[in-house]
Every structure is written in C-alpha cells, then in structure tokens.
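Inspection log for the structure reproduced underneath, given as structure tokens.
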Amino acid sequence: MKKFFIVLGLTLALVSSVDSYATAEKINREIVKSEVLKNNPLISIAKLELDKAKQEYTKASSGFFPKIKFQAHLPQNLREQEGSLSYKSFSCGVSIGLSISGLLTTHKHLKEKAVGVKIAQASYDRAVADAIYESSVKYIDLIFYYESIELLDKIKKRRIENRDIVKLKYNSGLVDIVALKVVEFDIAKVEHELKMLKRNIAVTSALLLKSMDRSDDTALLETDERLDIYCKELPQEPDYCSIIPTIPEFLIAQHKIDMLKKQIARIKVENLLPSVSFSIGGMCNNVPDFFGEQDISVDYTLFAGRKLISDIKIASNELKIASEGLKNTIGYLKGEAIKFYNDLVSAYEAIDMKIQSLDVLKLQAEVSSQKYAKGFLKYESWYNTENNCINSQKELLQAKKDFALETEKWRRFICSK
C-alpha cells in the first residue's frame, strides 16, 4: 500500500509537469483482461480452491483400491548351512484386504466431492467475473478521461472563437466589460478542467495497475479505444427463467442442496449397512504360498446411541434450510436480472436522446452565432445557446460512459467472459 501511494505521488508530479503522453504505456480492453486473469490475487485464490476440490475428489477415489501389505521376518539367531544363510531363516508374506461396505461409502463420498468441484468451479467463475468487472470500471474511467480531454480541446477552441467575437464587439462599444470577462473566464475554466483530467488519468492509471497486480515502474496508461466500443448494440433481452440457472450464485445454492442429499445417503450407508471386509494372503518360507489364507469378516453395530438419528436429522434440517435459500436466491436473482437489464436499456436509450438533442443544439448554435456576429441577436441569447450546446456534448459523453458501466454490470451479473 505504501508503494502504491509513492507511485501515485510520482505519477501526479509527472502529470503536472508534462503535457504529452508519449511515454505512457498503451493498453486496450484485451490487455487489461489478460493481465487481470493472470495476476489478480482473488482469481489466483479461487483457482487454488478449485484445484484443491479436484484433489479432494481424486483422494476420495482411493477407497476403491484394495489395501496391500507386505511383511518380512528375519530371526535374530541365524543358522548357517554350507557357508550361506538358510532359507528357513526368513519368512515373508503378502495380504490383500478390501472392505465391501467401504466401497459403497467411498462411492457416496466420491459423489459429494464431485459436487464440491462444481461448487468450486462456480465460485471461480464468480471471482473471475468480479475481478474483470472491477478492472473494467477503472478502464472505462481511463477512456472517459482521455475522450474528455479531446472534447475539451474542441470546446476550448470554440471558447476562444467566442472570446474573439465578444472582444471585437467590446472594442466597438457594443458590449460591456462584463461580457468580455465572462468569455475569458470560460477559457480559464476549460484549462482548469483539462489539468484536472490529466490528474485523474494519473490516479486512474495507478488504480488500474493495482487491479492488474502490476508492481513495475509504469506511471501512466494510455488507450486509443473510445467509449463507442461499448455502444455498438444493445444485448437482446434474455429469457430470465433460462439465464438464472447459469449464474454462479444459483449454481452454488443448487449444488449445496445436492451435496446435502448425498451426505444423508452416505450417513445411512455408513451406519445402517453391516461392515463387510474380505482379505486374502499368507506367509511362506520355502515354496511361496501367499494366498493360503482367506478371511471374511462381518461387523454390525446394533445400537450406536442417538448419533445416527441426530446426524440424519441435522443433515435433513440443513437440507431444508438450503432449499429455502435456493428459493430466495432465485427470487433475488430474477429481480436483479430485470433491474440490470432495464438499467442497461435506459442507458442505451439515453444516448440516442442525447445525440438528437445535440444535433438540434449544434444547428441552433451555428445559426445564433451568425446572427450575433451580424448584430441580429442579443448577447444573452447567443451565450446561453453556446453553453447549452457545450453542455450537451459533455452530457452525451457522460451518457456513453453510463452505458459502458451498465454493460459491464450486466456482463458481471450473467458472468460473461
């Protein structure tokens, strides 16, 4: 954290003294995504948890294999015969054992672990979607600031043209000093906004580098992409009943129910069925006879106290709780899906309305500017029209950013990669 603030301080100092971004590292959406997938610590943790679940599944399958034991015996008093050790001095043996009832328990346990892998996979998918979303928000901010600089450069040029018009009228005595000071302040305000945007780029670059878990000496990030890459088309409204079962939160809740059912089945197998084991083996001295002995044992516990009843009841109650939780999750996810998609549609429609409004205001500004230059329009009407047109350009850019953010929210919700 200390290093992060040091880098941020150096970056701010750099931005305040340098107007060019030629030395910045250029990135794009795909680079950000790949860096996050590779370096994000939360994704790494989720991946380790997934690998752990897979190893637990592999470990559980070991119960299907028989236990093989090898024994060897060497007496302390060795008897020599013709200068060599007598074969009668040694004994060895092999035994192979297998629990029949244990196979059933292993089978049930393996099913539980398989469900555990599915839960870990859903958790991993959610971690990936969350991490990509967090970095995407910062990347959208970065695009917005660069695009805002381009827009303010155009606005500054327009403000300078307006000042020159007012200055001519002031020198001719057609407007007072207040009108001139107002348009001069407008230019100073734009220059201040440009400096703020450059500082915002420094801050956002540092935050984005942190989300990508980058610890190099890069101070600034640059991108040629613009917000229009998010505004190409509106996703089709989904079938909410079919999309909800694909969301990680639903899958996790459903898999937990499945796991609890399998736990109950395993508990019953472990406690209600007799323990049956089979072993074969033997010892030999001269002629190997490893399978001279066979043994089959059957154990059955007639009464194990209230442990079995309690275990089944506890698991059954947990199953009921999980079932109710799934119902609640389905209702919550459906509400969120409708909300997120409607917000996305509203943001998309807002862009179209801003474009239409800007087209009208641009035409109005051009006409009013010509009338004001010729003296056919009062200063106040001309100035208000100019401000409305400039503000409309800013509002359109903000609308594009809002839609980009809503798009990423939707992608995060449905866990789209």
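If you're wondering about the labels, chains in the structure tokens are A, B, ... by order shown, residues count from 1 in each chain, ligands from 1 in order shown.
For A:Arg226, the residues within 8 Å (counting only C-alpha atoms, excluding itself and residues fewer than 4 positions away along the chain) are Ile143, Phe144 and Glu147 of chain A.
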Report task. Skip stretch 370-381 of chain A itself and residues of its chain fewer than 3 positions away, then list as a VMD selection string all residues within 10 Å of it, counting only C-alpha atoms. Result -> chain A and resid 162 165 to 166 168 to 169 174 to 175 179 365 to 367 384 to 386
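Note that the spacing between atom CA of A:Tyr332 and atom CA of A:Ile264 amounts to 28.2 Å.
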Query raised in the report: Could you pull out all residues of stretch 127-264 of chain A with a DSSP call of alpha helix (DSSP H) and give them as a PyMOL selection string?
Result: chain A and resi 127-171+177-211+240-243+248-264
Requested in this report: Just the residues within 10 Å of A:Ala60, please, counting only C-alpha atoms, with nothing from its chain fewer than 2 positions along; format it as a ChimeraX atom specification.
Outcome: /A:54-58,62-64,106-114
Query - Pick from A:Ala46, A:Ala188, A:Ala206, A:Ala404 nearest to A:Ile229, counting only C-alpha atoms - result: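 When distances to A:Ile229 are compared using only C-alpha atoms, the smallest one comes from A:Ala404.
One finds atom CA of A:Leu207 at 7.1 Å from atom CA of A:Lys138.
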Requested in this report: May I ask which of the residues A:Gly335, A:Leu326, A:Ser392, A:Leu308 is the closest one to A:Met353, counting only C-alpha atoms?
Outcome: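 The shortest atom-to-atom distance to A:Met353 comes from A:Ser392.
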**Report entry** Selection: 9 Å around A:Glu49, only C-alpha atoms, excl. self and same-chain fewer than 2 positions, as JSON, numbers by chain
**Finding:** {"A": [44, 45, 46, 47, 51, 52, 53, 54, 120, 121, 123, 124]}
Could you dump the residues just selected with N, CA, C and O atoms as an mmCIF file, in the first residue's frame?
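That gives us out-v8.cif:
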data_model
loop_
_atom_site.group_PDB
_atom_site.id
_atom_site.type_symbol
_atom_site.label_atom_id
_atom_site.label_comp_id
_atom_site.auth_asym_id
_atom_site.auth_seq_id
_atom_site.Cartn_x
_atom_site.Cartn_y
_atom_site.Cartn_z
ATOM 1 N N SER A 44 -6.451 -15.965 -8.341
ATOM 2 C CA SER A 44 -5.465 -16.999 -8.002
ATOM 3 C C SER A 44 -5.941 -17.843 -6.824
ATOM 4 O O SER A 44 -5.796 -19.073 -6.830
ATOM 5 N N ILE A 45 -6.530 -17.182 -5.826
ATOM 6 C CA ILE A 45 -7.043 -17.914 -4.660
ATOM 7 C C ILE A 45 -8.178 -18.844 -5.077
ATOM 8 O O ILE A 45 -8.227 -20.013 -4.669
ATOM 9 N N ALA A 46 -9.095 -18.327 -5.894
ATOM 10 C CA ALA A 46 -10.227 -19.147 -6.352
ATOM 11 C C ALA A 46 -9.740 -20.333 -7.187
ATOM 12 O O ALA A 46 -10.300 -21.431 -7.104
ATOM 13 N N LYS A 47 -8.700 -20.108 -7.959
ATOM 14 C CA LYS A 47 -8.144 -21.197 -8.776
ATOM 15 C C LYS A 47 -7.520 -22.268 -7.894
ATOM 16 O O LYS A 47 -7.644 -23.472 -8.166
ATOM 17 N N ASP A 51 -8.543 -26.200 -7.567
ATOM 18 C CA ASP A 51 -7.577 -27.304 -7.652
ATOM 19 C C ASP A 51 -7.639 -28.175 -6.401
ATOM 20 O O ASP A 51 -7.532 -29.408 -6.479
ATOM 21 N N LYS A 52 -7.837 -27.531 -5.260
ATOM 22 C CA LYS A 52 -7.962 -28.276 -4.004
ATOM 23 C C LYS A 52 -9.178 -29.209 -4.047
ATOM 24 O O LYS A 52 -9.105 -30.365 -3.615
ATOM 25 N N ALA A 53 -10.295 -28.700 -4.557
ATOM 26 C CA ALA A 53 -11.509 -29.522 -4.663
ATOM 27 C C ALA A 53 -11.284 -30.708 -5.594
ATOM 28 O O ALA A 53 -11.767 -31.819 -5.325
ATOM 29 N N LYS A 54 -10.555 -30.489 -6.672
ATOM 30 C CA LYS A 54 -10.263 -31.586 -7.593
ATOM 31 C C LYS A 54 -9.366 -32.633 -6.940
ATOM 32 O O LYS A 54 -9.538 -33.844 -7.156
ATOM 33 N N ALA A 120 -16.792 -25.268 -6.353
ATOM 34 C CA ALA A 120 -15.541 -24.523 -6.503
ATOM 35 C C ALA A 120 -15.435 -23.895 -7.888
ATOM 36 O O ALA A 120 -14.924 -22.783 -8.038
ATOM 37 N N GLN A 121 -15.934 -24.593 -8.910
ATOM 38 C CA GLN A 121 -15.903 -24.052 -10.270
ATOM 39 C C GLN A 121 -16.800 -22.822 -10.386
ATOM 40 O O GLN A 121 -16.415 -21.812 -10.998
ATOM 41 N N SER A 123 -17.656 -20.846 -7.928
ATOM 42 C CA SER A 123 -17.010 -19.787 -7.150
ATOM 43 C C SER A 123 -15.869 -19.153 -7.942
ATOM 44 O O SER A 123 -15.659 -17.932 -7.889
ATOM 45 N N TYR A 124 -15.142 -19.981 -8.677
ATOM 46 C CA TYR A 124 -14.048 -19.463 -9.521
ATOM 47 C C TYR A 124 -14.605 -18.560 -10.618
ATOM 48 O O TYR A 124 -14.063 -17.475 -10.874
#
List every residue of stretch 82-199 of chain A that has an atom at most 9 Å from any atom of stretch 411-417 of chain A, and for each one report the closest atom pair and its distance in Å to one decimal, counting only C-alpha atoms, with rows sorted by chain and then by increasing residue number, as CSV.
residue,atom,partner,partner_atom,distance
A:Asp125,CA,A:Cys415,CA,7.0
A:Arg126,CA,A:Cys415,CA,6.6
A:Val128,CA,A:Cys415,CA,8.2
A:Ala129,CA,A:Arg412,CA,5.2
A:Asp130,CA,A:Arg412,CA,6.3
A:Ile132,CA,A:Arg412,CA,7.9
A:Tyr133,CA,A:Arg412,CA,6.0
Export of the given selection (N, CA and C atoms) as a compact mmCIF listing (two decimals), in the first residue's frame:
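So selection-v4.txt came out as:
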# COMPACT_ATOMS: atom_id res chain seq x y z
N ASP A 125 -15.69 -18.99 -11.25
CA ASP A 125 -16.30 -18.18 -12.31
C ASP A 125 -16.76 -16.83 -11.77
N ARG A 126 -17.32 -16.83 -10.56
CA ARG A 126 -17.74 -15.57 -9.95
C ARG A 126 -16.55 -14.68 -9.64
N VAL A 128 -13.70 -14.58 -11.18
CA VAL A 128 -13.20 -14.05 -12.45
C VAL A 128 -14.07 -12.89 -12.92
N ALA A 129 -15.40 -13.07 -12.89
CA ALA A 129 -16.31 -12.02 -13.34
C ALA A 129 -16.18 -10.76 -12.48
N ASP A 130 -16.04 -10.94 -11.16
CA ASP A 130 -15.90 -9.78 -10.26
C ASP A 130 -14.61 -9.03 -10.52
N ILE A 132 -12.75 -8.99 -13.28
CA ILE A 132 -12.79 -8.34 -14.59
C ILE A 132 -13.66 -7.08 -14.53
N TYR A 133 -14.76 -7.16 -13.78
CA TYR A 133 -15.64 -6.00 -13.65
C TYR A 133 -14.93 -4.84 -12.97
Report task. Go through A:Lys313, A:Lys400, A:Lys261, A:Arg163 and flag the residue nearest A:Tyr230, using only C-alpha atoms for the distances. Result ->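 Among A:Lys313, A:Lys400, A:Lys261, A:Arg163, it is A:Lys400 that comes nearest to A:Tyr230.
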Report task. Please measure the separation of atom CA of A:Lys154 and atom CA of A:Lys394, giving the value in Å to one decimal. Result ->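 It comes out at 11.5 Å.
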